[in-house]
$ cat my_file_39.cif   # mmCIF, C-alpha atoms
data_structure
#
loop_
_atom_site.label_atom_id
_atom_site.label_comp_id
_atom_site.auth_asym_id
_atom_site.auth_seq_id
_atom_site.Cartn_x
_atom_site.Cartn_y
_atom_site.Cartn_z
CA MET A 1 0.29 -15.72 12.50
CA GLU A 2 -1.90 -17.55 14.94
CA GLN A 3 -5.59 -18.20 14.31
CA GLY A 4 -8.24 -19.76 16.50
CA ALA A 5 -10.24 -22.79 15.45
CA SER A 6 -13.39 -20.77 14.65
CA ARG A 7 -11.47 -18.32 12.46
CA GLU A 8 -9.71 -21.21 10.70
CA ASN A 9 -13.13 -22.58 9.75
CA VAL A 10 -14.08 -19.23 8.21
CA LEU A 11 -10.82 -18.95 6.29
CA THR A 12 -10.97 -22.42 4.77
CA SER A 13 -14.56 -21.93 3.61
CA CYS A 14 -13.65 -19.73 0.65
CA PRO A 15 -15.30 -21.25 -2.45
CA GLU A 16 -12.95 -22.48 -5.16
CA ASP A 17 -15.02 -21.25 -8.11
CA ALA A 18 -15.83 -17.66 -7.06
CA LEU A 19 -14.30 -14.48 -5.80
CA PRO A 20 -13.19 -14.34 -2.17
CA SER A 21 -16.23 -13.23 -0.21
CA SER A 22 -16.22 -10.08 1.90
CA ALA A 23 -16.62 -12.23 5.03
CA PHE A 24 -13.69 -14.44 4.05
CA LEU A 25 -11.46 -11.45 3.38
CA ALA A 26 -12.56 -9.70 6.58
CA GLY A 27 -11.60 -12.84 8.51
CA LEU A 28 -8.15 -12.82 6.96
CA ILE A 29 -7.63 -9.17 7.78
CA GLU A 30 -8.80 -9.60 11.37
CA GLY A 31 -6.58 -12.67 11.75
CA ALA A 32 -3.60 -10.55 10.70
CA GLY A 33 -4.36 -8.10 13.50
CA LEU A 34 -5.45 -5.33 11.14
CA SER A 35 -8.58 -3.18 11.31
CA VAL A 36 -10.33 -2.27 8.05
CA PRO A 37 -13.94 -1.04 7.70
CA MET A 38 -16.35 -3.42 5.99
CA THR A 39 -17.07 -0.83 3.30
CA ALA A 40 -13.36 -0.89 2.44
CA VAL A 41 -13.32 -4.71 2.42
CA GLU A 42 -16.15 -4.67 -0.14
CA LYS A 43 -14.17 -2.29 -2.36
CA LEU A 44 -11.16 -4.60 -2.16
CA VAL A 45 -13.34 -7.47 -3.40
CA ASP A 46 -14.65 -5.24 -6.20
CA HIS A 47 -11.06 -4.51 -7.24
CA ALA A 48 -10.31 -8.24 -7.34
CA ARG A 49 -13.45 -8.83 -9.40
CA GLU A 50 -12.36 -6.30 -12.01
CA MET A 51 -8.84 -7.69 -12.05
CA LEU A 52 -10.02 -11.23 -12.74
CA ARG A 53 -12.48 -10.04 -15.37
CA TRP A 54 -9.82 -8.05 -17.24
CA ASN A 55 -7.33 -10.87 -16.75
CA ARG A 56 -9.22 -12.87 -19.37
CA SER A 57 -8.05 -10.37 -21.99
CA ILE A 58 -4.77 -8.95 -20.69
CA ARG A 59 -2.16 -10.56 -18.47
CA LEU A 60 -2.56 -8.98 -15.03
CA THR A 61 -1.90 -11.90 -12.71
CA ALA A 62 -1.12 -15.61 -12.62
CA ILE A 63 -2.97 -15.83 -9.29
CA THR A 64 -6.66 -16.52 -9.89
CA GLU A 65 -7.77 -18.99 -7.20
CA PRO A 66 -10.00 -17.07 -4.72
CA ALA A 67 -8.13 -17.81 -1.50
CA GLU A 68 -4.80 -17.02 -3.15
CA VAL A 69 -6.12 -13.73 -4.50
CA ALA A 70 -7.27 -12.82 -1.00
CA VAL A 71 -3.99 -13.78 0.68
CA LYS A 72 -1.26 -13.17 -1.90
CA HIS A 73 -2.69 -9.99 -3.40
CA ILE A 74 -5.06 -8.24 -1.00
CA LEU A 75 -3.86 -9.21 2.48
CA ASP A 76 -0.28 -9.13 1.23
CA SER A 77 -0.75 -5.47 0.24
CA LEU A 78 -2.44 -4.59 3.53
CA LEU A 79 0.54 -5.87 5.53
CA LEU A 80 2.08 -2.49 4.71
CA LEU A 81 -0.35 -1.05 7.25
CA ARG A 82 2.07 -2.38 9.88
CA PHE A 83 4.27 0.54 8.75
CA THR A 84 1.68 3.28 9.27
CA PRO A 85 1.28 6.22 9.29
CA PHE A 86 1.38 7.15 5.59
CA PRO A 87 0.98 10.94 5.51
CA GLY A 88 1.65 12.84 2.30
CA ARG A 89 2.30 11.34 -1.12
CA VAL A 90 2.74 7.63 -1.85
CA LEU A 91 4.19 6.19 -5.07
CA ASP A 92 3.38 2.63 -6.08
CA PHE A 93 6.22 1.83 -8.47
CA GLY A 94 5.38 -0.89 -10.99
CA SER A 95 1.75 -1.04 -9.87
CA GLY A 96 0.68 -3.78 -12.31
CA ALA A 97 -2.82 -4.85 -11.30
CA GLY A 98 -2.88 -2.21 -8.56
CA TYR A 99 -1.21 -4.09 -5.73
CA PRO A 100 -0.30 -2.76 -3.23
CA GLY A 101 -1.35 0.77 -4.25
CA ILE A 102 -5.12 0.37 -4.63
CA PRO A 103 -5.72 -1.53 -1.35
CA LEU A 104 -3.66 1.08 0.50
CA ALA A 105 -5.56 3.93 -1.16
CA VAL A 106 -8.89 2.32 -0.22
CA VAL A 107 -8.03 2.13 3.48
CA LEU A 108 -5.99 5.37 3.63
CA PRO A 109 -8.26 8.00 2.04
CA GLY A 110 -6.25 10.83 3.62
CA SER A 111 -3.09 9.97 1.67
CA ARG A 112 -2.44 10.76 -2.01
CA PHE A 113 -1.31 7.97 -4.31
CA LEU A 114 0.38 7.80 -7.69
CA LEU A 115 0.32 4.43 -9.44
CA MET A 116 3.19 4.16 -11.93
CA GLU A 117 3.07 1.47 -14.59
CA SER A 118 4.90 1.15 -17.94
CA SER A 119 2.22 -0.95 -19.69
CA GLY A 120 -0.52 1.01 -21.43
CA LYS A 121 -3.01 -1.85 -21.10
CA LYS A 122 -2.39 -2.13 -17.36
CA CYS A 123 -2.74 1.64 -17.00
CA ALA A 124 -6.11 1.39 -18.76
CA PHE A 125 -7.16 -1.24 -16.23
CA LEU A 126 -5.95 0.86 -13.30
CA SER A 127 -7.80 3.98 -14.53
CA HIS A 128 -10.96 1.95 -15.07
CA THR A 129 -10.73 0.49 -11.56
CA LEU A 130 -10.24 3.89 -9.94
CA ARG A 131 -13.44 5.11 -11.60
CA LYS A 132 -15.25 1.92 -10.62
CA LEU A 133 -14.22 2.29 -6.96
CA SER A 134 -14.64 6.10 -6.92
CA LEU A 135 -11.11 6.59 -5.58
CA ALA A 136 -10.43 10.32 -5.74
CA ASN A 137 -7.07 10.13 -3.93
CA VAL A 138 -5.27 8.19 -6.68
CA GLU A 139 -3.70 9.05 -10.04
CA VAL A 140 -2.23 6.78 -12.70
CA VAL A 141 0.83 7.61 -14.80
CA GLN A 142 2.28 5.53 -17.61
CA ALA A 143 6.04 5.86 -17.35
CA ARG A 144 9.26 3.93 -17.02
CA MET A 145 11.93 5.08 -14.58
CA GLU A 146 15.48 5.31 -15.86
CA THR A 147 18.64 6.19 -13.95
CA ASN A 148 19.70 8.80 -16.52
CA ARG A 149 16.40 10.66 -16.81
CA ARG A 150 14.39 12.41 -14.09
CA LEU A 151 10.60 12.21 -14.41
CA PRO A 152 8.56 15.34 -13.58
CA ILE A 153 6.55 13.68 -10.82
CA GLY A 154 8.04 15.38 -7.77
CA THR A 155 9.02 13.56 -4.61
CA PHE A 156 7.18 11.22 -2.27
CA GLU A 157 7.13 10.61 1.46
CA HIS A 158 6.63 6.89 0.78
CA ILE A 159 7.51 4.69 -2.19
CA VAL A 160 6.19 1.13 -2.23
CA THR A 161 7.12 -1.53 -4.74
CA ARG A 162 6.33 -5.21 -4.91
CA ALA A 163 8.37 -7.80 -6.82
CA THR A 164 9.65 -5.34 -9.43
CA LEU A 165 13.44 -4.90 -9.39
CA PRO A 166 16.18 -6.45 -7.23
CA ALA A 167 16.68 -4.37 -4.10
CA GLY A 168 19.91 -2.72 -5.26
CA GLU A 169 18.44 -1.61 -8.59
CA ALA A 170 15.19 -0.45 -7.01
CA VAL A 171 16.93 1.75 -4.46
CA THR A 172 19.23 3.29 -7.08
CA VAL A 173 16.26 4.17 -9.29
CA LEU A 174 13.89 5.31 -6.53
CA LEU A 175 16.09 7.29 -4.11
CA PRO A 176 15.99 10.50 -6.21
CA TYR A 177 12.21 10.54 -5.78
CA VAL A 178 12.19 10.12 -1.98
CA ALA A 179 11.32 13.27 -0.04
CA LYS A 180 13.37 14.41 2.94
CA SER A 181 12.85 11.99 5.84
CA GLY A 182 10.97 9.72 3.44
CA ARG A 183 11.23 5.99 2.88
CA ILE A 184 11.14 3.12 0.40
CA LEU A 185 9.24 -0.07 1.25
CA LEU A 186 10.47 -3.08 -0.75
CA MET A 187 8.18 -6.12 -0.69
CA ARG A 188 9.45 -9.63 -1.34
CA GLY A 189 7.05 -12.18 -2.75
CA PRO A 190 5.30 -14.92 -0.77
CA GLY A 191 7.09 -18.23 -0.64
CA LYS A 192 10.58 -16.76 -0.23
CA GLY A 193 12.73 -18.44 2.36
CA LYS A 194 14.96 -16.98 5.05
CA GLY A 195 18.01 -16.71 2.82
CA THR A 196 19.31 -13.47 1.39
CA SER A 197 18.02 -12.87 -2.10
CA ARG A 198 20.03 -11.69 -5.04
CA GLY A 199 20.46 -7.91 -5.04
CA GLU A 200 19.69 -7.52 -1.34
CA GLU A 201 22.52 -5.10 -0.57
CA ASP A 202 23.18 -3.25 2.66
CA PHE A 203 22.22 0.40 2.11
CA SER A 204 23.14 1.71 5.56
CA SER A 205 26.18 3.54 4.14
CA GLN A 206 24.22 5.38 1.44
CA ARG A 207 23.03 8.90 2.29
CA ASP A 208 22.94 7.88 5.96
CA VAL A 209 19.90 5.74 5.29
CA ARG A 210 18.40 3.59 8.04
CA GLU A 211 16.79 0.26 7.32
CA ARG A 212 14.93 -2.63 8.88
CA THR A 213 13.34 -5.81 7.56
CA VAL A 214 10.14 -7.28 8.97
CA ARG A 215 9.12 -10.83 8.14
CA PHE A 216 5.51 -12.06 8.09
CA GLU A 217 4.01 -15.51 7.74
CA LEU A 218 1.00 -15.56 5.45
CA PRO A 219 -2.10 -17.51 6.55
CA LEU A 220 -3.25 -20.81 5.06
CA ARG A 221 0.37 -21.92 4.65
CA MET A 222 0.89 -19.60 1.68
CA GLY A 223 4.48 -18.73 2.44
CA PHE A 224 6.19 -15.66 3.81
CA ARG A 225 6.47 -11.95 3.14
CA GLU A 226 9.44 -9.74 3.88
CA ILE A 227 9.06 -5.97 3.81
CA ARG A 228 12.26 -3.96 3.81
CA GLU A 229 11.98 -0.35 4.96
CA ILE A 230 14.74 2.04 3.86
CA ARG A 231 14.55 5.53 5.43
CA THR A 232 16.42 8.64 4.32
CA PRO A 233 17.57 11.53 6.55
#
$ encode --input "my_file_39.cif" --output "structure tokens"
Amino acid sequence: MEQGASRENVLTSCPEDALPSSAFLAGLIEGAGLSVPMTAVEKLVDHAREMLRWNRSIRLTAITEPAEVAVKHILDSLLLLRFTPFPGRVLDFGSGAGYPGIPLAVVLPGSRFLLMESSGKKCAFLSHTLRKLSLANVEVVQARMETNRRLPIGTFEHIVTRATLPAGEAVTVLLPYVAKSGRILLMRGPGKGKGTSRGEEDFSSQRDVRERTVRFELPLRMGFREIREIRTP
């Protein structure tokens, strides 16, 4: 991801003892070749503010340094915009602190999102944040997916999940909830190398699925992101 000298100055100016500023985050997003309205950028900062405030009481994230929050949480989530469009329903499986589901819902108001999380405390945070951001296109459900029990949540055109289960387990659990011609987007965490990770099976023989993997370099030397798209017929 290439950045000019002037943009590099903006990106490295993020204060160490505060939230990432809207200008700092907007510079990151622009540097990644993405277009997000400034009103949406401000909501993304508000989400981060609530996350860090609640993080003092409940464990939401180990990432608290402002630049890392901006890159490894917010921009990281927005990299899924490279896989647009996102019509229909989107499930964020294992939403945690709301990444990637809340950033996507902020910038894609025409799509409908369901954030699934097994922790009651994290669900309370997610519900609070949705009210705080006035996000009407998002619901929260506290549930745990199991291979031997079907949840009454319907199917989804898109299922996104970040650093939850190994790829093989995730696909086995999530495929029953993928709509016809839908897809699963598996996100690998920043800092992973080029090697194949444990559980990264080839799914091309299952239900005639098609897949591709796209690799991104995060700015400020914060590692890499791999997003694996698995499409069903």
$ closest_residue --input "my_file_39.cif" --among "A:Phe156, A:Tyr177, A:Tyr99, A:Phe125" --to "Ala70 (chain A)" --atoms "all atoms listed in the file"
A:Tyr99
$ atom_distance --input "my_file_39.cif" --atom1 "CA of Ala26 (chain A)" --atom2 "CA of Val41 (chain A)"
6.5 Å
$ closest_residue --input "my_file_39.cif" --among "A:Ala40, A:Ala167, A:Ala32, A:Leu186" --to "Ser134 (chain A)" --atoms "all atoms listed in the file"
A:Ala40
$ residues_around --input "my_file_39.cif" --residues "Thr39 (chain A)" --least-positions-apart "4" --cutoff "10 Å" --atoms "only C-alpha atoms" --output "VMD selection string"
chain A and resid 22 43 to 44 106 to 107
$ atom_distance --input "my_file_39.cif" --atom1 "CA of Leu151 (chain A)" --atom2 "CA of Leu185 (chain A)"
19.9 Å
$ closest_residue --input "my_file_39.cif" --among "A:Met187, A:Met51, A:Ala67, A:Leu81" --to "Leu130 (chain A)" --atoms "only C-alpha atoms"
A:Met51
$ decode --input "my_file_39.cif" --residues "region 4-158 of chain A" --atoms "C-alpha atoms" --output "JSON list (two decimals), in the first residue's frame"
[["chain", "number", "residue", "atom", "x", "y", "z"],
["A", 4, "GLY", "CA", 2.95, 9.81, -0.52],
["A", 5, "ALA", "CA", 5.18, 11.82, 1.77],
["A", 6, "SER", "CA", 2.41, 14.28, 2.73],
["A", 7, "ARG", "CA", -0.01, 11.49, 3.63],
["A", 8, "GLU", "CA", 2.71, 9.71, 5.63],
["A", 9, "ASN", "CA", 3.08, 12.87, 7.72],
["A", 10, "VAL", "CA", -0.66, 12.85, 8.46],
["A", 11, "LEU", "CA", -0.67, 9.17, 9.38],
["A", 12, "THR", "CA", 2.25, 9.36, 11.78],
["A", 13, "SER", "CA", 0.77, 12.35, 13.60],
["A", 14, "CYS", "CA", -1.81, 10.32, 15.52],
["A", 15, "PRO", "CA", -1.41, 11.20, 19.23],
["A", 16, "GLU", "CA", -0.35, 8.36, 21.51],
["A", 17, "ASP", "CA", -2.63, 9.29, 24.43],
["A", 18, "ALA", "CA", -5.97, 9.86, 22.66],
["A", 19, "LEU", "CA", -8.39, 8.33, 20.23],
["A", 20, "PRO", "CA", -7.47, 8.31, 16.55],
["A", 21, "SER", "CA", -8.73, 11.60, 15.17],
["A", 22, "SER", "CA", -11.23, 11.76, 12.34],
["A", 23, "ALA", "CA", -8.56, 13.36, 10.11],
["A", 24, "PHE", "CA", -6.07, 10.61, 10.92],
["A", 25, "LEU", "CA", -8.60, 7.88, 10.17],
["A", 26, "ALA", "CA", -9.77, 9.61, 6.99],
["A", 27, "GLY", "CA", -6.15, 9.69, 5.81],
["A", 28, "LEU", "CA", -5.79, 5.97, 6.42],
["A", 29, "ILE", "CA", -8.97, 5.21, 4.51],
["A", 30, "GLU", "CA", -7.99, 7.42, 1.58],
["A", 31, "GLY", "CA", -4.52, 5.86, 1.53],
["A", 32, "ALA", "CA", -6.15, 2.44, 1.20],
["A", 33, "GLY", "CA", -8.00, 3.62, -1.90],
["A", 34, "LEU", "CA", -11.40, 3.58, -0.19],
["A", 35, "SER", "CA", -14.06, 6.30, -0.18],
["A", 36, "VAL", "CA", -16.03, 6.88, 3.03],
["A", 37, "PRO", "CA", -18.05, 10.03, 3.90],
["A", 38, "MET", "CA", -16.67, 12.14, 6.73],
["A", 39, "THR", "CA", -19.90, 11.68, 8.69],
["A", 40, "ALA", "CA", -19.25, 7.92, 8.60],
["A", 41, "VAL", "CA", -15.62, 8.42, 9.67],
["A", 42, "GLU", "CA", -16.83, 10.35, 12.72],
["A", 43, "LYS", "CA", -19.18, 7.49, 13.65],
["A", 44, "LEU", "CA", -16.30, 5.03, 13.37],
["A", 45, "VAL", "CA", -14.31, 7.13, 15.84],
["A", 46, "ASP", "CA", -17.35, 7.25, 18.15],
["A", 47, "HIS", "CA", -17.52, 3.44, 18.04],
["A", 48, "ALA", "CA", -13.84, 3.23, 18.97],
["A", 49, "ARG", "CA", -14.40, 5.69, 21.82],
["A", 50, "GLU", "CA", -17.17, 3.55, 23.29],
["A", 51, "MET", "CA", -15.12, 0.39, 22.84],
["A", 52, "LEU", "CA", -12.15, 1.81, 24.75],
["A", 53, "ARG", "CA", -14.40, 3.20, 27.47],
["A", 54, "TRP", "CA", -16.15, -0.13, 28.01],
["A", 55, "ASN", "CA", -12.84, -1.95, 27.72],
["A", 56, "ARG", "CA", -11.93, -0.65, 31.17],
["A", 57, "SER", "CA", -14.66, -2.86, 32.63],
["A", 58, "ILE", "CA", -15.02, -5.79, 30.24],
["A", 59, "ARG", "CA", -12.44, -7.39, 27.98],
["A", 60, "LEU", "CA", -13.25, -6.23, 24.44],
["A", 61, "THR", "CA", -9.81, -5.78, 22.92],
["A", 62, "ALA", "CA", -6.10, -5.97, 23.67],
["A", 63, "ILE", "CA", -5.52, -3.22, 21.09],
["A", 64, "THR", "CA", -5.78, 0.20, 22.74],
["A", 65, "GLU", "CA", -3.04, 2.37, 21.18],
["A", 66, "PRO", "CA", -4.78, 4.94, 18.90],
["A", 67, "ALA", "CA", -2.95, 4.20, 15.65],
["A", 68, "GLU", "CA", -3.38, 0.46, 16.16],
["A", 69, "VAL", "CA", -7.10, 0.86, 16.83],
["A", 70, "ALA", "CA", -7.41, 2.83, 13.60],
["A", 71, "VAL", "CA", -5.42, 0.36, 11.50],
["A", 72, "LYS", "CA", -6.02, -3.07, 13.07],
["A", 73, "HIS", "CA", -9.68, -2.59, 13.94],
["A", 74, "ILE", "CA", -11.29, 0.10, 11.80],
["A", 75, "LEU", "CA", -9.34, 0.11, 8.54],
["A", 76, "ASP", "CA", -8.95, -3.65, 8.81],
["A", 77, "SER", "CA", -12.75, -4.00, 8.83],
["A", 78, "LEU", "CA", -13.19, -1.57, 5.94],
["A", 79, "LEU", "CA", -10.90, -3.64, 3.71],
["A", 80, "LEU", "CA", -13.97, -5.81, 3.17],
["A", 81, "LEU", "CA", -15.28, -2.97, 0.99],
["A", 82, "ARG", "CA", -12.91, -4.32, -1.67],
["A", 83, "PHE", "CA", -15.48, -7.13, -1.96],
["A", 84, "THR", "CA", -18.51, -4.91, -2.57],
["A", 85, "PRO", "CA", -21.39, -4.94, -3.30],
["A", 86, "PHE", "CA", -23.09, -6.23, -0.14],
["A", 87, "PRO", "CA", -26.80, -6.41, -1.01],
["A", 88, "GLY", "CA", -29.19, -8.25, 1.28],
["A", 89, "ARG", "CA", -28.40, -9.64, 4.73],
["A", 90, "VAL", "CA", -24.95, -9.75, 6.32],
["A", 91, "LEU", "CA", -24.01, -11.86, 9.35],
["A", 92, "ASP", "CA", -21.01, -10.88, 11.47],
["A", 93, "PHE", "CA", -20.20, -14.16, 13.22],
["A", 94, "GLY", "CA", -18.36, -13.71, 16.52],
["A", 95, "SER", "CA", -18.72, -9.93, 16.40],
["A", 96, "GLY", "CA", -16.90, -9.24, 19.68],
["A", 97, "ALA", "CA", -16.38, -5.49, 19.90],
["A", 98, "GLY", "CA", -18.29, -5.00, 16.64],
["A", 99, "TYR", "CA", -15.51, -5.50, 14.12],
["A", 100, "PRO", "CA", -16.01, -5.82, 11.21],
["A", 101, "GLY", "CA", -19.82, -5.61, 11.43],
["A", 102, "ILE", "CA", -20.32, -2.10, 12.81],
["A", 103, "PRO", "CA", -17.90, -0.31, 10.44],
["A", 104, "LEU", "CA", -19.53, -2.10, 7.50],
["A", 105, "ALA", "CA", -23.01, -1.17, 8.72],
["A", 106, "VAL", "CA", -21.97, 2.47, 9.10],
["A", 107, "VAL", "CA", -20.77, 2.76, 5.51],
["A", 108, "LEU", "CA", -23.39, 0.42, 3.97],
["A", 109, "PRO", "CA", -26.73, 1.74, 5.28],
["A", 110, "GLY", "CA", -28.64, -0.10, 2.54],
["A", 111, "SER", "CA", -27.60, -3.54, 3.82],
["A", 112, "ARG", "CA", -29.05, -5.33, 6.86],
["A", 113, "PHE", "CA", -26.67, -6.68, 9.49],
["A", 114, "LEU", "CA", -26.92, -9.23, 12.27],
["A", 115, "LEU", "CA", -24.13, -9.21, 14.85],
["A", 116, "MET", "CA", -23.83, -12.61, 16.53],
["A", 117, "GLU", "CA", -21.90, -12.90, 19.78],
["A", 118, "SER", "CA", -21.97, -15.55, 22.53],
["A", 119, "SER", "CA", -20.93, -13.24, 25.39],
["A", 120, "GLY", "CA", -23.77, -11.42, 27.14],
["A", 121, "LYS", "CA", -21.50, -8.57, 28.23],
["A", 122, "LYS", "CA", -20.25, -8.03, 24.68],
["A", 123, "CYS", "CA", -23.83, -8.12, 23.39],
["A", 124, "ALA", "CA", -24.70, -5.41, 25.91],
["A", 125, "PHE", "CA", -21.85, -3.31, 24.55],
["A", 126, "LEU", "CA", -22.93, -3.90, 20.95],
["A", 127, "SER", "CA", -26.56, -2.95, 21.68],
["A", 128, "HIS", "CA", -25.42, 0.18, 23.52],
["A", 129, "THR", "CA", -23.18, 1.18, 20.60],
["A", 130, "LEU", "CA", -25.95, 0.71, 18.04],
["A", 131, "ARG", "CA", -28.16, 3.09, 20.03],
["A", 132, "LYS", "CA", -25.28, 5.54, 20.43],
["A", 133, "LEU", "CA", -24.59, 5.57, 16.68],
["A", 134, "SER", "CA", -28.29, 5.45, 15.69],
["A", 135, "LEU", "CA", -27.71, 2.42, 13.45],
["A", 136, "ALA", "CA", -31.15, 1.21, 12.40],
["A", 137, "ASN", "CA", -29.86, -1.42, 9.95],
["A", 138, "VAL", "CA", -28.25, -3.65, 12.61],
["A", 139, "GLU", "CA", -29.51, -6.23, 15.11],
["A", 140, "VAL", "CA", -27.64, -8.08, 17.85],
["A", 141, "VAL", "CA", -28.26, -11.69, 18.83],
["A", 142, "GLN", "CA", -26.62, -13.59, 21.66],
["A", 143, "ALA", "CA", -26.08, -17.12, 20.41],
["A", 144, "ARG", "CA", -23.49, -19.81, 19.84],
["A", 145, "MET", "CA", -23.47, -21.79, 16.61],
["A", 146, "GLU", "CA", -23.24, -25.56, 16.86],
["A", 147, "THR", "CA", -22.98, -28.11, 14.08],
["A", 148, "ASN", "CA", -25.82, -30.23, 15.49],
["A", 149, "ARG", "CA", -28.34, -27.44, 16.06],
["A", 150, "ARG", "CA", -29.81, -25.00, 13.53],
["A", 151, "LEU", "CA", -30.49, -21.48, 14.81],
["A", 152, "PRO", "CA", -33.72, -19.74, 13.68],
["A", 153, "ILE", "CA", -31.93, -16.81, 12.06],
["A", 154, "GLY", "CA", -32.54, -17.57, 8.39],
["A", 155, "THR", "CA", -29.89, -17.33, 5.71],
["A", 156, "PHE", "CA", -27.53, -14.58, 4.63],
["A", 157, "GLU", "CA", -26.11, -13.36, 1.34],
["A", 158, "HIS", "CA", -22.83, -12.56, 3.12]]
